[in-house]
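Coordinates as given in start-v1.cif (mmCIF, C-alpha atoms):
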```cif
data_entry
loop_
_atom_site.label_atom_id
_atom_site.label_comp_id
_atom_site.auth_asym_id
_atom_site.auth_seq_id
_atom_site.Cartn_x
_atom_site.Cartn_y
_atom_site.Cartn_z
CA MET A 23 1.15 13.96 -2.15
CA LEU A 24 -0.57 16.54 -4.32
CA ARG A 25 2.65 18.49 -4.53
CA TYR A 26 4.39 15.45 -6.04
CA LEU A 27 1.51 15.02 -8.40
CA SER A 28 2.01 18.50 -9.78
CA ILE A 29 5.69 17.82 -10.44
CA ILE A 30 4.98 14.42 -11.88
CA ASN A 31 2.58 16.06 -14.27
CA TYR A 32 5.15 18.67 -15.05
CA PHE A 33 7.94 16.25 -15.89
CA MET A 34 6.37 13.11 -17.05
CA ASP A 35 3.00 11.99 -18.17
CA ILE A 36 3.13 8.25 -17.52
CA LYS A 37 0.51 7.49 -20.12
CA LYS A 38 2.48 9.45 -22.68
CA GLU A 39 5.61 7.48 -21.83
CA GLU A 40 3.72 4.23 -22.25
CA LYS A 41 2.50 5.35 -25.63
CA SER A 42 5.97 6.31 -26.61
CA ILE A 43 7.33 2.89 -25.57
CA GLU A 44 4.51 1.18 -27.48
CA ALA A 45 5.32 3.25 -30.56
CA VAL A 46 9.05 2.42 -30.40
CA TYR A 47 8.20 -1.25 -29.87
CA ASP A 48 5.67 -1.47 -32.72
CA ASN A 49 7.96 0.36 -35.07
CA ALA A 50 10.95 -1.86 -34.23
CA LEU A 51 8.96 -5.07 -34.70
CA GLU A 52 7.60 -3.87 -38.01
CA GLN A 53 11.08 -2.97 -39.24
CA ILE A 54 12.50 -6.31 -38.12
CA HIS A 55 9.62 -8.07 -39.87
CA THR A 56 10.32 -6.18 -43.11
CA LEU A 57 14.05 -6.94 -42.87
CA LYS A 58 13.30 -10.60 -42.18
CA ASN A 59 11.25 -10.73 -45.40
CA LYS A 60 14.07 -8.99 -47.25
CA LYS A 61 16.49 -11.65 -45.96
CA LYS A 62 14.10 -14.43 -46.97
CA THR A 63 13.92 -12.98 -50.49
CA ILE A 64 17.73 -12.89 -50.74
CA ILE A 65 18.03 -16.52 -49.57
CA ARG A 66 15.18 -17.63 -51.82
CA SER A 67 16.76 -16.07 -54.89
CA TYR A 68 20.11 -17.68 -53.99
CA ILE A 69 18.40 -21.07 -53.73
CA ASP A 70 16.56 -20.42 -57.01
CA VAL A 71 19.87 -19.69 -58.75
CA LEU A 72 21.40 -22.88 -57.27
CA VAL A 73 18.43 -24.97 -58.30
CA GLY A 74 18.44 -23.33 -61.75
CA LYS A 75 22.13 -24.20 -62.15
CA LYS A 76 21.49 -27.76 -61.02
CA ILE A 77 18.62 -28.18 -63.47
CA ALA A 78 20.76 -26.73 -66.27
CA SER A 79 23.57 -29.11 -65.39
CA ILE A 80 21.22 -32.13 -65.39
CA LYS A 81 19.72 -30.91 -68.63
CA ASN A 82 23.23 -30.75 -70.15
CA ILE A 83 24.03 -34.25 -68.95
CA ILE A 84 20.83 -35.59 -70.51
CA ILE A 85 21.39 -33.71 -73.76
CA ASN A 86 24.99 -34.89 -73.94
CA LYS A 87 23.96 -38.48 -73.22
CA PHE A 88 21.23 -38.60 -75.84
CA SER A 89 22.99 -36.60 -78.50
CA LYS A 90 25.77 -39.22 -78.78
CA MET B 1 16.76 -3.02 -4.09
CA SER B 2 16.88 -2.36 -0.39
CA PHE B 3 15.45 1.12 -0.84
CA ASN B 4 12.29 -0.33 -2.34
CA ASN B 5 12.05 -2.72 0.58
CA ASN B 6 12.32 0.19 2.96
CA GLU B 7 9.68 2.04 1.02
CA LYS B 8 7.42 -1.00 1.08
CA GLN B 9 7.97 -1.39 4.79
CA SER B 10 7.25 2.27 5.36
CA LEU B 11 4.03 2.02 3.30
CA GLU B 12 2.95 -1.04 5.27
CA ASN B 13 3.57 0.83 8.52
CA ASP B 14 1.58 3.81 7.28
CA LEU B 15 -1.33 1.59 6.36
CA ALA B 16 -1.22 -0.20 9.71
CA ARG B 17 -1.24 3.15 11.52
CA LEU B 18 -4.16 4.47 9.46
CA GLY B 19 -6.08 1.24 10.11
CA HIS B 20 -5.39 1.53 13.81
CA GLU B 21 -6.67 5.10 13.79
CA ASN B 22 -9.73 4.12 11.73
CA ASP B 23 -8.77 6.93 9.38
CA THR B 24 -10.82 6.00 6.31
CA GLU B 25 -10.07 9.29 4.60
CA GLY B 26 -6.37 8.70 5.21
CA ILE B 27 -6.63 5.16 3.84
CA ARG B 28 -8.34 6.46 0.74
CA ARG B 29 -5.52 8.96 0.18
CA PHE B 30 -2.98 6.23 0.93
CA VAL B 31 -4.46 4.00 -1.80
CA GLU B 32 -4.27 6.90 -4.26
CA ASP B 33 -0.64 7.49 -3.35
CA VAL B 34 0.32 3.85 -3.69
CA GLU B 35 -1.42 3.65 -7.03
CA LEU B 36 0.58 6.62 -8.11
CA LEU B 37 3.85 4.98 -7.13
CA GLY B 38 2.71 1.72 -8.69
CA GLY B 39 2.40 3.43 -12.08
CA TYR B 40 6.16 3.45 -12.41
CA GLU B 41 6.55 -0.22 -11.55
CA ASP B 42 4.01 -1.20 -14.20
CA LEU B 43 5.71 1.01 -16.72
CA ILE B 44 9.14 -0.41 -15.97
CA ALA B 45 7.90 -4.02 -16.16
CA MET B 46 6.04 -3.35 -19.40
CA ALA B 47 9.06 -1.65 -20.98
CA GLN B 48 11.36 -4.48 -19.94
CA GLU B 49 9.00 -6.99 -21.52
CA LYS B 50 9.01 -5.00 -24.78
CA ILE B 51 12.82 -5.02 -24.83
CA ASN B 52 12.85 -8.80 -24.39
CA GLU B 53 10.35 -9.24 -27.22
CA ILE B 54 12.32 -7.03 -29.58
CA GLU B 55 15.52 -8.93 -28.78
CA ALA B 56 13.77 -12.27 -29.40
CA ALA B 57 12.34 -11.02 -32.71
CA SER B 58 15.78 -9.81 -33.77
CA VAL B 59 17.45 -13.14 -32.99
CA SER B 60 14.78 -15.08 -34.90
CA ALA B 61 15.15 -12.72 -37.87
CA GLN B 62 18.91 -13.25 -38.01
CA ARG B 63 18.82 -17.04 -37.68
CA ILE B 64 18.44 -19.22 -40.78
CA GLU B 65 15.90 -22.00 -40.24
CA PRO B 66 17.42 -25.57 -40.25
CA ALA B 67 15.03 -26.56 -43.08
CA VAL B 68 16.36 -23.70 -45.22
CA VAL B 69 19.97 -24.63 -44.39
CA GLU B 70 19.19 -28.17 -45.59
CA GLU B 71 17.59 -26.84 -48.77
CA ILE B 72 20.69 -24.71 -49.46
CA THR B 73 23.03 -27.64 -48.88
CA ASN B 74 20.94 -29.95 -51.07
CA ALA B 75 21.02 -27.39 -53.84
CA GLY B 76 24.83 -27.37 -53.65
CA GLY B 77 25.19 -23.99 -51.91
CA SER B 78 26.75 -22.97 -48.60
CA VAL B 79 25.47 -21.15 -45.53
CA GLU B 80 28.67 -19.05 -45.50
CA VAL B 81 27.75 -17.61 -48.89
CA VAL B 82 24.24 -16.85 -47.62
CA ASP B 83 25.73 -15.17 -44.57
CA GLN B 84 27.80 -12.94 -46.81
CA MET B 85 24.82 -12.10 -48.98
CA THR B 86 22.62 -11.23 -46.02
CA ALA B 87 25.28 -9.55 -43.87
CA GLU B 88 23.89 -6.11 -44.66
CA VAL B 89 20.32 -7.06 -43.70
CA ASP B 90 21.57 -8.73 -40.51
CA ALA B 91 23.42 -5.55 -39.59
CA GLU B 92 20.25 -3.57 -40.21
CA ILE B 93 18.26 -5.94 -37.98
CA GLU B 94 20.85 -5.62 -35.24
CA ASP B 95 20.86 -1.86 -35.61
CA THR B 96 17.05 -1.66 -35.38
CA GLU B 97 17.08 -3.80 -32.27
CA GLY B 98 19.87 -1.74 -30.72
CA ARG B 99 18.17 1.59 -31.34
CA ALA B 100 14.77 0.40 -30.04
CA THR B 101 16.13 -1.24 -26.91
CA GLU B 102 18.29 1.80 -26.20
CA THR B 103 15.29 4.13 -26.47
CA ILE B 104 13.12 1.94 -24.26
CA GLN B 105 15.96 1.43 -21.80
CA HIS B 106 16.24 5.18 -21.55
CA GLN B 107 12.54 5.38 -20.67
CA ILE B 108 13.09 2.71 -18.01
CA ASP B 109 16.01 4.64 -16.56
CA VAL B 110 13.95 7.83 -16.45
CA ALA B 111 11.05 6.05 -14.76
CA LYS B 112 13.34 4.38 -12.24
CA LYS B 113 15.01 7.67 -11.48
CA GLU B 114 11.66 9.37 -10.97
CA GLN B 115 10.47 6.56 -8.75
CA ILE B 116 13.54 6.75 -6.52
CA GLN B 117 13.51 10.50 -6.51
CA PHE B 118 9.89 10.95 -5.43
CA ALA B 119 10.14 8.33 -2.73
CA THR B 120 13.38 9.90 -1.54
CA LEU B 121 11.92 13.38 -1.46
CA GLU B 122 8.99 12.09 0.52
CA THR B 123 11.43 10.67 3.06
CA TYR B 124 13.23 14.00 3.06
CA ASP B 125 10.06 15.92 3.91
CA GLU B 126 9.28 13.60 6.80
CA GLU B 127 12.85 13.74 8.06
CA LYS B 128 13.01 17.52 7.71
CA GLU B 129 9.90 17.84 9.87
CA LYS B 130 11.47 15.47 12.36
CA SER B 131 14.70 17.48 12.46
CA LYS B 132 12.75 20.71 13.09
CA LYS B 133 10.91 19.06 15.94
CA ARG B 134 14.11 17.59 17.33
CA PHE B 135 15.81 20.96 17.17
CA SER B 136 13.14 22.51 19.35
CA GLU B 137 13.42 19.47 21.65
CA ILE B 138 17.12 20.26 22.09
CA SER B 139 16.29 23.79 23.05
CA ASP B 140 13.69 22.58 25.58
CA SER B 141 16.14 20.05 26.93
CA GLU B 142 18.80 22.74 27.34
CA THR B 143 16.40 24.88 29.32
CA ARG B 144 15.50 21.95 31.58
CA LEU B 145 19.19 21.20 32.04
CA TYR B 146 19.95 24.83 32.94
CA LYS B 147 17.03 24.86 35.37
CA ALA B 148 18.22 21.64 37.01
CA PHE B 149 21.72 23.09 37.28
CA ILE B 150 20.49 26.26 39.03
CA ALA B 151 18.19 24.06 41.16
CA ASP B 152 16.53 27.05 42.79
CA ASP B 153 13.34 28.60 41.42
CA THR B 154 13.89 32.00 43.00
CA LEU B 155 17.46 32.24 41.75
CA TYR B 156 16.36 31.00 38.34
CA ALA B 157 13.71 33.74 38.12
CA LYS B 158 16.23 36.41 39.16
CA LEU B 159 18.74 35.23 36.59
CA GLN B 160 16.07 35.25 33.90
CA GLU B 161 15.24 38.79 34.88
CA PHE B 162 18.89 39.78 34.67
CA ASP B 163 19.27 38.15 31.23
CA ALA B 164 16.16 39.92 29.99
CA SER B 165 17.61 43.25 31.10
CA LEU B 166 20.69 42.61 28.94
CA GLY B 167 18.51 42.16 25.87
CA ALA B 168 19.00 40.13 22.72
CA THR B 169 21.94 42.19 21.49
CA ALA B 170 23.99 41.01 24.46
CA ALA B 171 22.78 37.42 24.22
CA GLY B 172 26.34 36.15 24.42
CA PHE B 173 26.68 37.64 27.93
CA GLN B 174 23.40 36.30 29.24
CA ILE B 175 24.04 33.98 32.15
CA GLN B 176 21.79 31.26 30.81
CA ASN B 177 23.68 31.18 27.50
CA VAL B 178 27.07 31.11 29.18
CA LEU B 179 25.97 28.29 31.47
CA LYS B 180 24.19 26.37 28.73
CA ASN B 181 27.36 26.57 26.71
CA PHE B 182 29.37 25.26 29.64
CA LEU B 183 26.90 22.40 30.24
CA ARG B 184 26.81 21.49 26.56
CA SER B 185 30.55 20.97 26.42
CA ALA B 186 31.09 19.66 29.95
CA SER B 187 33.71 16.92 30.24
CA LYS B 188 32.87 13.48 31.67
CA GLU B 189 34.75 14.33 34.88
CA THR B 190 32.71 17.50 35.33
CA ILE B 191 29.45 15.68 34.61
CA VAL B 192 30.03 12.94 37.21
CA SER B 193 30.73 15.59 39.84
CA MET B 194 27.30 17.15 39.28
CA PRO B 195 24.09 16.28 41.17
CA PRO B 196 22.18 13.26 39.76
CA GLU B 197 19.27 15.42 38.47
CA VAL B 198 21.69 17.50 36.39
CA GLN B 199 23.47 14.38 35.14
CA LYS B 200 20.14 12.95 34.07
CA GLU B 201 19.24 16.12 32.17
CA ILE B 202 22.66 16.12 30.49
CA GLU B 203 22.05 12.56 29.37
CA LEU B 204 18.64 13.51 28.00
CA TYR B 205 20.14 16.53 26.26
CA GLN B 206 22.79 14.36 24.62
CA LEU B 207 20.14 11.92 23.44
CA ALA B 208 18.08 14.76 21.95
CA LYS B 209 21.21 16.10 20.26
CA ALA B 210 22.09 12.69 18.81
CA ASP B 211 18.54 12.35 17.46
CA TYR B 212 18.76 15.76 15.87
CA GLU B 213 22.15 15.02 14.31
CA ASP B 214 20.82 11.73 13.00
CA SER B 215 17.99 13.58 11.22
CA VAL B 216 20.37 16.18 9.83
CA ASN B 217 22.72 13.49 8.51
CA LYS B 218 19.82 11.69 6.87
CA ILE B 219 18.61 14.74 4.98
CA LYS B 220 22.03 16.12 4.12
CA PRO B 221 22.59 14.07 0.94
CA ILE B 222 19.10 14.95 -0.33
CA GLU B 223 19.23 18.61 0.66
CA LYS B 224 20.26 19.99 -2.74
CA LEU B 225 17.72 17.90 -4.60
CA ALA B 226 14.99 18.94 -2.18
CA GLU B 227 15.95 22.60 -2.46
CA ALA B 228 15.79 22.36 -6.25
CA ARG B 229 12.38 20.67 -5.96
CA ASN B 230 11.13 23.30 -3.51
CA SER B 231 12.34 26.11 -5.69
CA LEU B 232 10.56 24.67 -8.72
CA GLU B 233 7.39 24.18 -6.72
CA ALA B 234 7.50 27.76 -5.49
CA ILE B 235 7.88 29.04 -9.05
CA ASN B 236 5.05 26.82 -10.24
CA ALA B 237 2.90 28.30 -7.49
CA VAL B 238 3.75 31.85 -8.57
CA LEU B 239 2.89 31.02 -12.16
CA SER B 240 -0.45 29.58 -11.24
CA LYS B 241 -1.18 32.66 -9.14
CA ILE B 242 -0.31 34.85 -12.11
CA ASP B 243 -2.73 32.80 -14.19
CA GLU B 244 -5.43 33.41 -11.62
CA MET B 245 -4.73 37.13 -11.59
CA LYS B 246 -7.60 39.26 -12.79
CA ILE B 247 -6.12 41.99 -14.89
CA GLY B 248 -9.25 43.60 -16.21
CA ASP B 249 -10.03 47.30 -15.93
CA SER B 250 -11.71 46.62 -12.63
CA ILE B 251 -8.31 46.19 -11.00
CA TYR B 252 -6.00 48.45 -12.89
CA GLY B 253 -8.34 51.03 -14.29
CA LYS B 254 -7.18 52.47 -17.55
CA LYS B 255 -3.88 53.57 -16.13
CA ARG B 256 -0.68 52.80 -17.96
CA PHE B 257 3.03 53.21 -17.54
CA GLU B 258 5.99 53.19 -19.86
CA LEU B 259 9.69 52.54 -20.17
CA ASN B 260 12.10 55.28 -21.10
CA GLU B 261 14.91 55.04 -23.63
CA LEU B 262 17.17 53.41 -21.01
CA GLY B 263 14.59 50.80 -20.32
CA GLN B 264 13.73 52.22 -16.92
CA ILE B 265 10.19 52.47 -15.77
CA ARG B 266 8.93 55.99 -16.24
CA GLU B 267 6.26 57.23 -13.94
CA ALA B 268 4.08 58.50 -16.65
CA THR B 269 1.18 57.86 -14.37
CA GLU B 270 0.87 56.41 -10.92
CA THR B 271 0.26 52.97 -12.40
CA LYS B 272 3.75 51.72 -11.67
CA SER B 273 3.37 51.82 -7.91
CA MET B 274 -0.18 50.53 -8.26
CA LEU B 275 1.03 47.51 -10.13
CA PHE B 276 3.82 46.85 -7.69
CA ASP B 277 1.38 47.09 -4.82
CA GLN B 278 -0.89 44.73 -6.65
CA VAL B 279 1.92 42.27 -7.22
CA ARG B 280 3.06 42.55 -3.63
CA SER B 281 -0.42 42.23 -2.22
CA HIS B 282 -0.79 38.94 -4.07
CA ASP B 283 2.48 37.70 -2.61
CA TYR B 284 3.99 36.98 -5.96
CA SER B 285 7.45 37.08 -4.41
CA LEU B 286 8.22 39.68 -6.98
CA ASN B 287 9.89 42.90 -5.99
CA PRO B 288 10.00 46.05 -8.12
CA PHE B 289 13.63 45.44 -8.99
CA GLN B 290 12.83 42.04 -10.38
CA LEU B 291 9.98 43.46 -12.37
CA GLU B 292 12.22 46.21 -13.64
CA SER B 293 14.89 43.73 -14.68
CA THR B 294 12.22 41.74 -16.48
CA MET B 295 11.19 44.78 -18.38
CA THR B 296 14.73 45.84 -19.20
CA ASP B 297 15.71 42.36 -20.26
CA PRO B 298 17.22 42.65 -23.78
CA SER B 299 14.78 40.00 -25.00
CA ASN B 300 11.96 42.36 -24.04
CA GLU B 301 13.36 45.13 -26.21
CA GLN B 302 10.09 45.41 -28.05
CA TYR B 303 8.57 46.91 -24.94
CA LEU B 304 11.02 49.79 -24.69
CA ASN B 305 9.55 53.24 -25.18
CA LYS B 306 6.11 51.81 -25.31
CA ILE B 307 3.09 52.54 -23.25
CA LEU B 308 2.20 49.26 -21.62
CA THR B 309 -1.16 47.95 -20.67
CA ALA B 310 -1.65 45.96 -17.52
CA GLN B 311 -2.09 42.89 -19.69
CA GLU B 312 1.28 43.44 -21.34
CA VAL B 313 2.95 43.88 -17.98
CA VAL B 314 1.41 40.67 -16.69
CA THR B 315 2.52 38.90 -19.86
CA MET B 316 6.07 40.10 -19.21
CA VAL B 317 5.94 39.09 -15.58
CA LYS B 318 4.71 35.70 -16.67
CA ALA B 319 7.50 35.40 -19.23
CA TYR B 320 9.99 36.26 -16.50
CA TRP B 321 8.67 33.55 -14.21
CA THR B 322 8.44 31.06 -17.05
CA LYS B 323 12.13 31.61 -17.70
CA LYS B 324 12.83 31.10 -14.03
CA GLN B 325 10.73 27.92 -14.17
CA GLU B 326 12.77 26.57 -17.08
CA LEU B 327 15.98 27.29 -15.23
CA ALA B 328 14.69 25.74 -12.01
CA ALA B 329 13.49 22.66 -13.90
CA GLU B 330 16.92 22.33 -15.47
CA ILE B 331 18.63 22.59 -12.09
CA TYR B 332 16.16 20.08 -10.67
CA LYS B 333 16.85 17.61 -13.47
CA LYS B 334 20.59 18.08 -12.98
CA GLU B 335 20.23 17.40 -9.27
CA ILE B 336 18.22 14.26 -10.04
CA ASP B 337 21.01 13.08 -12.33
CA THR B 338 23.68 13.83 -9.75
CA PHE B 339 21.62 12.15 -7.06
CA SER B 340 21.00 9.05 -9.20
CA GLN B 341 24.67 8.77 -10.11
CA GLN B 342 25.69 8.90 -6.46
CA GLY B 343 23.50 5.86 -5.91
CA ILE B 344 21.07 5.21 -3.13
#
```

When written as structure tokens, how does the structure in this file appear?
Amino acid sequence: MLRYLSIINYFMDIKKEEKSIEAVYDNALEQIHTLKNKKKTIIRSYIDVLVGKKIASIKNIIINKFSK
Amino acid sequence: MSFNNNEKQSLENDLARLGHENDTEGIRRFVEDVELLGGYEDLIAMAQEKINEIEAASVSAQRIEPAVVEEITNAGGSVEVVDQMTAEVDAEIEDTEGRATETIQHQIDVAKKEQIQFATLETYDEEKEKSKKRFSEISDSETRLYKAFIADDTLYAKLQEFDASLGATAAGFQIQNVLKNFLRSASKETIVSMPPEVQKEIELYQLAKADYEDSVNKIKPIEKLAEARNSLEAINAVLSKIDEMKIGDSIYGKKRFELNELGQIREATETKSMLFDQVRSHDYSLNPFQLESTMTDPSNEQYLNKILTAQEVVTMVKAYWTKKQELAAEIYKKEIDTFSQQGI
């Protein structure tokens, strides 16, 4: 089995592979997390605009009602 | 996969045998080996889990929570508009997931390939040994068959004497070879007309032959991969021997040699033959022509017309074998790919 061991060492260090998988995994999750926050920000600003418009519209209705 | 089941079964058999033989040292080595194989399984399972987690994270990042959908609707907006606004981010999320899972999947494929390949090569080594043994069994069986056919010890001895007088160069005319050939290819009709002892030996010979052919057929598909592995191992062994080589003055003295303008080794001193002897005596599988081609390699141009120290020569020899190692590793990897594509 020692002969296989020498080739295994030559081609592939299992621990190194594990580290590499961990690194890809961590990096991907971090990127997805950042993108998720970016998406939340976009949605939040859309809602803010909608709410702003709604408030403005109500404000106009009130102003129009009381100005008459 | 059935292969893994076979491997598991074979490992269980090995362990049972070692236990039966009370071979504690063997069991200890067995545990080490199994642990080594197990490393791949753990790696594959772990990698698969990571892929699943990344996929789950990606899906949750792309989905809009029901509470947020409600908030959008209440505020007079539409999810379709949100989808348009966030299409770019969604694509990025998908892309990130795709790239990560692809990279990890690649690692899984590599690990799986390695796992199959090492287990297969191990089977090859066992089967190769078996086929060697079976080949010599055929030869023994043939001799027994021939002896049974002659059925007379005195005549047998005389015939052996006659064959020996012909010598190896006339092996084709030796009586034993002619008769063995006849017995090997005897038809069923001829066989049944022979004495029972001869018939029995023919039967045994045919069984030995079938066993041998079975072994050969088993190793045939792995032959190229095993050859590539063996070649790489041999080169690795040469390189480690070169590393162990003591090249101080104590071995070479202060003698030197040089290359002429054509890149040929010039016998400026007697060092050339000394070095070759040294290389040969260490069984580096390196002949003078190989060494010469190393030294006249265009990439070693810097050494032309230079007086070389023993250290420089060893460095060149090492470079030569390192190149061979790279090539052998490439061939080995190619064979692994071919082997994996063929399927087990």

TODO: Check the smallest atom-to-atom distance from each of B:Val79, B:Ala168, B:Val68, B:Ala57 to Lys62 in chain A using only C-alpha atoms, then report the winner.
DONE: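 That would be B:Val68, the residue with the smallest distance to Lys62 in chain A.
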
Test item: residues at most 8 Å from Glu71 in chain B, all atoms listed in the file, excluding those fewer than 4 positions along its chain, as a short mmCIF file (atom, residue, chain, number, x, y, z; two decimals) with C-alpha atoms, in the coordinates of the input:
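Result written to result-v1.cif:
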```
data_model
loop_
_atom_site.label_atom_id
_atom_site.label_comp_id
_atom_site.auth_asym_id
_atom_site.auth_seq_id
_atom_site.Cartn_x
_atom_site.Cartn_y
_atom_site.Cartn_z
CA ILE A 69 18.40 -21.07 -53.73
CA ALA B 67 15.03 -26.56 -43.08
CA ALA B 75 21.02 -27.39 -53.84
#
```

- [ ] For the file shown, report as a PyMOL selection string the outcome of the PyMOL selection byres ((chain A and resi 61) around 12) at residue level.
- [x] (chain A and resi 54-60+62-68) or (chain B and resi 60-65+82-93)

Open item on the list: Quick check, in Å to one decimal: how far apart do CA of Leu72 in chain A and CA of Gly76 in chain B lie?
Closed with: 6.7 Å

Open item on the list: For a test of reading the model, state the distance in Å between CA of Thr101 in chain B and CA of Ile54 in chain B, rounded to one decimal.
Closed with: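 These two atoms are separated by 7.4 Å.
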
- [ ] For the file shown, report as an NGL selection string the outcome of the PyMOL selection byres ((chain B and resi 141) around 10) at residue level.
- [x] :B and (135-140 or 142-147 or 201-209)

Create the file for the chosen residues now, containing C-alpha atoms and written as a PDB file, in the coordinates of the input.
```
ATOM      1  CA  PHE B 135      15.810  20.960  17.170  1.00  0.00           C
ATOM      2  CA  SER B 136      13.140  22.510  19.350  1.00  0.00           C
ATOM      3  CA  GLU B 137      13.420  19.470  21.650  1.00  0.00           C
ATOM      4  CA  ILE B 138      17.120  20.260  22.090  1.00  0.00           C
ATOM      5  CA  SER B 139      16.290  23.790  23.050  1.00  0.00           C
ATOM      6  CA  ASP B 140      13.690  22.580  25.580  1.00  0.00           C
ATOM      7  CA  GLU B 142      18.800  22.740  27.340  1.00  0.00           C
ATOM      8  CA  THR B 143      16.400  24.880  29.320  1.00  0.00           C
ATOM      9  CA  ARG B 144      15.500  21.950  31.580  1.00  0.00           C
ATOM     10  CA  LEU B 145      19.190  21.200  32.040  1.00  0.00           C
ATOM     11  CA  TYR B 146      19.950  24.830  32.940  1.00  0.00           C
ATOM     12  CA  LYS B 147      17.030  24.860  35.370  1.00  0.00           C
ATOM     13  CA  GLU B 201      19.240  16.120  32.170  1.00  0.00           C
ATOM     14  CA  ILE B 202      22.660  16.120  30.490  1.00  0.00           C
ATOM     15  CA  GLU B 203      22.050  12.560  29.370  1.00  0.00           C
ATOM     16  CA  LEU B 204      18.640  13.510  28.000  1.00  0.00           C
ATOM     17  CA  TYR B 205      20.140  16.530  26.260  1.00  0.00           C
ATOM     18  CA  GLN B 206      22.790  14.360  24.620  1.00  0.00           C
ATOM     19  CA  LEU B 207      20.140  11.920  23.440  1.00  0.00           C
ATOM     20  CA  ALA B 208      18.080  14.760  21.950  1.00  0.00           C
ATOM     21  CA  LYS B 209      21.210  16.100  20.260  1.00  0.00           C
TER      22      LYS B 209
END
```

Task: Counting only C-alpha atoms, the residue of B:Lys333, B:Lys218, B:Arg134, B:Lys224 that sits nearest chain A - done: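 Looking only at the distances to chain A, the closest residue turns out to be B:Lys333.
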
Task: Interatomic distance, CA of Glu49 in chain B to CA of Ile116 in chain B (Å, one decimal) - done: 20.8 Å

Open item on the list: Please determine, counting all atoms listed in the file, which residue among B:Ser215, B:Ser58, B:Asn52, B:Asn181 has the shortest atom-to-atom distance to chain A.
Closed with: B:Ser58
